[in-house]
Every structure is written in C-alpha cells, then in structure tokens.
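The structure appears below as structure tokens.
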Amino acid sequence: MNRIIMFTLILLSSHLFAQEIDTIRLYPPDLSSGKLLMQALQERKSSRAFADRDLTLAELSNLVWAANGINRTEEGKRTAPTARNRQELDVYVVLRSGIYLYDAVKSLLIPIAAGDFRAQAGVQDYVATAPVNLIFVSDLEKLGGDAGDQECSSRINVGYISQNVYLYCASANLATVARGSVRKESLSSTMKLRPGQMIILAQSVGYPKE
Ligand SMILES: Cc1cc2nc3c(=O)[nH]c(=O)nc-3n(C[C@H](O)[C@H](O)[C@H](O)COP(=O)(O)O)c2cc1C
C-alpha cells in the first residue's frame, strides 16, 4: 500500500473514532431550592469522600450558577463580585465525559476536551472519584495593571466563587473541597489555555460517600 493511501486511512480512522461530546444546555437556577443561608453557613465544611454518582443536570446547573452565574441580567453582573467588575474568572467543569467551559450568558457548558480527565484535575486520590471538579481560571489580560497586582486580585476574587460553591453544596447536601493542589501544567494544556490564562484554584464536588 503506498504511503499516501496509508496516511489517508489513518486520518479517516482517527476521525471516525475520535470521541465527541455535546454542549450541555443548563437549566435556569432553582431559586426556591436549598436550605436557609444561616443553616448552610452552619453546615459549610470541606469533605473529601465522594459517592460514585453523577450530579443531576438540575444540580449541575444550580452549582455553576451559584459559583459565578449572572444574577442581574440587565447589567450582566454575577453571583460573585470581582474587583472593578473585571469578571476575569472563568469556571471550567471537569466531568466524567470531558472538560467544559461554563458560558454564564448563554447558560451552556461548552465542550473543550472529550474524555475523563478527572485524575489530571488534582494530585490527591479523591479528586478522580469526584463527579465534578471545578477549575477556576483567571484571564489576567482582562485585569490590566502590573502582573503581581493582577494575580493578587484574582486570588481574592476566586475566594468569593469558592465560598459560593461551599454554601451551595451545604445547602444542597453535597460534598465539596477547595483545592490549591492542581496539576496546573498538564491541565492547562488539556484545557487549551492561552498564555494569559492562569489556573488559580480548583474545587471538587459530589454526593457524600455513605
Ligand atoms: C485556598 C485553599 C486551598 C486549599 N487546598 C486544598 C488542597 O489542595 N487539598 C485539600 O484536601 N484541601 C484543600 N483546602 C481545604 C482546607 O484544607 C480546608 O478548608 C481546611 O482544612 C478547613 O476545613 P473546613 O473547610 O472544613 O473548615 C484548601 C482550602 C483553601 C481555602
């Protein structure tokens, strides 16, 4: 078989067998669900043991909206504040099926990479067992100013998102833990991040293991 035919066959087969994942259309947040804020604060905690069960689409929708969704449509403002309203933080969602980018304006999870990359989302064993790992990524170019200030702002801003996730999880009986430990280099490459984008923090979420 000549080389050109062989090359064409390899290209065709890799195309045929390449995994594809679909865009996930999220539900609007259920504003009447969950516990009272004071009860959620009482129950907020870090948990590192997850049941092997995926979240429902309704829970996933509520989770990402609580994290950094738009709560004032006319102004495009969000559930978490950012210094000077720069909104430089993106939420990437690592699921069993692949990695997605949360589009808060369109209420979508946009596919970034197909496949189970949960083990790449952290360095501790429990990370690969959590059905959802959120990765909070700063687009430093949106911040302006000098590099040190930019990073410092993003580290503060991400705390609000992470606490929103903690409180939503407490209110919905889900387990969660914020994580500074992430395989930043390999995950940035899998997530196809640009040089100006930086992983700041991760957070694992799931049902508590019984
Ligand atoms: C910025 C930040 C980074 C963290 N990184 C990790 C981590 O990499 N791995 C981990 O198991 N827990 C991590 N945690 C969770 C803390 O260990 C936990 O919040 C702390 O022990 C207090 O427990 P509590 O959240 O139940 O109050 C992190 C928490 C924060 C706020």
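By convention in this document, the chains of the structure tokens carry letters A, B, ... by their order, each chain's residues are numbered from 1, and ligands are numbered from 1 in the order they are shown.
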For segment 30-42 of chain A, please output as a CSV table (one decimal) with C-alpha atoms, in the first residue's frame all residues within 10 Å (counting only C-alpha atoms; exclusion window: fewer than 3 positions along the same chain).
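Saved file around20.csv follows:
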```csv
chain,number,residue,atom,x,y,z
A,27,TYR,CA,-31.5,24.8,33.4
A,45,LYS,CA,-17.3,22.3,55.6
A,58,ALA,CA,-30.5,20.5,37.8
A,59,GLU,CA,-27.8,20.2,40.5
A,61,SER,CA,-27.0,23.9,36.7
A,62,ASN,CA,-27.5,25.3,40.2
A,65,TRP,CA,-24.8,29.4,38.6
A,166,TYR,CA,-19.2,25.8,49.5
A,167,LEU,CA,-22.5,27.4,50.5
A,168,TYR,CA,-24.5,25.9,47.6
A,169,CYS,CA,-23.1,22.5,48.5
A,170,ALA,CA,-24.0,22.8,52.1
A,171,SER,CA,-27.5,23.9,51.2
A,172,ALA,CA,-28.0,21.0,48.7
A,173,ASN,CA,-26.4,18.3,50.9
```
(request) List all protein, DNA and RNA residues that have any atom at most 7 Å from ligand 1, counting only C-alpha atoms and all ligand atoms, and write the list as number ranges by chain. (result) A: 45-48, 177-181, 201
(message) When you count only C-alpha atoms, which of these residues is closest to Asn157 of chain A: A:Tyr126, A:Phe50, A:Thr190, A:Leu143?
(response)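 The closest residue to Asn157 of chain A is A:Leu143.
Atom to atom, atom CA of Ile199 of chain A and atom CA of Asp125 of chain A stand 19.7 Å apart.
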(message) List as a PyMOL selection string the protein and nucleic acid residues near Ala49 of chain A, meaning an atom at most 8 Å away when only C-alpha atoms are counted, but skip any in the same chain fewer than 4 places from it.
(response) chain A and resi 126+130+175+208-209
Would you mind exporting the chosen residues as an mmCIF file, in the first residue's frame, restricted to N, CA and C atoms?
```cif
data_model
loop_
_atom_site.group_PDB
_atom_site.id
_atom_site.type_symbol
_atom_site.label_atom_id
_atom_site.label_comp_id
_atom_site.auth_asym_id
_atom_site.auth_seq_id
_atom_site.Cartn_x
_atom_site.Cartn_y
_atom_site.Cartn_z
ATOM 1 N N TYR A 126 -8.623 11.335 45.929
ATOM 2 C CA TYR A 126 -10.082 11.503 45.901
ATOM 3 C C TYR A 126 -10.556 12.320 44.698
ATOM 4 N N ALA A 130 -14.402 12.269 42.371
ATOM 5 C CA ALA A 130 -15.473 13.272 42.442
ATOM 6 C C ALA A 130 -16.116 13.409 41.062
ATOM 7 N N ALA A 175 -21.101 17.240 48.899
ATOM 8 C CA ALA A 175 -19.762 17.321 49.494
ATOM 9 C C ALA A 175 -18.876 18.164 48.587
ATOM 10 N N PRO A 208 -21.928 13.059 49.024
ATOM 11 C CA PRO A 208 -21.050 12.485 50.052
ATOM 12 C C PRO A 208 -21.071 10.961 50.005
ATOM 13 N N LYS A 209 -19.913 10.358 50.235
ATOM 14 C CA LYS A 209 -19.834 8.897 50.262
ATOM 15 C C LYS A 209 -20.494 8.413 51.558
#
```
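Of the residues under consideration (A:Leu55, A:Gly196, A:Thr23, A:Ser204), A:Gly196 shows the shortest atom-to-atom contact distance to Ala147 of chain A when counting only C-alpha atoms.
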(request) Go through A:Leu95, A:Leu174, A:Ile110, A:Leu140 and flag the residue nearest Arg194 of chain A, using only C-alpha atoms for the distances. (result) A:Leu140
(request) Could you give me, as a PyMOL selection string, each residue of chain A that DSSP assigns to strand (DSSP E) when run on this structure's backbone? (result) chain A and resi 24-25+70-72+77-78+89-94+98-103+108-114+132-139+175-179+197-206
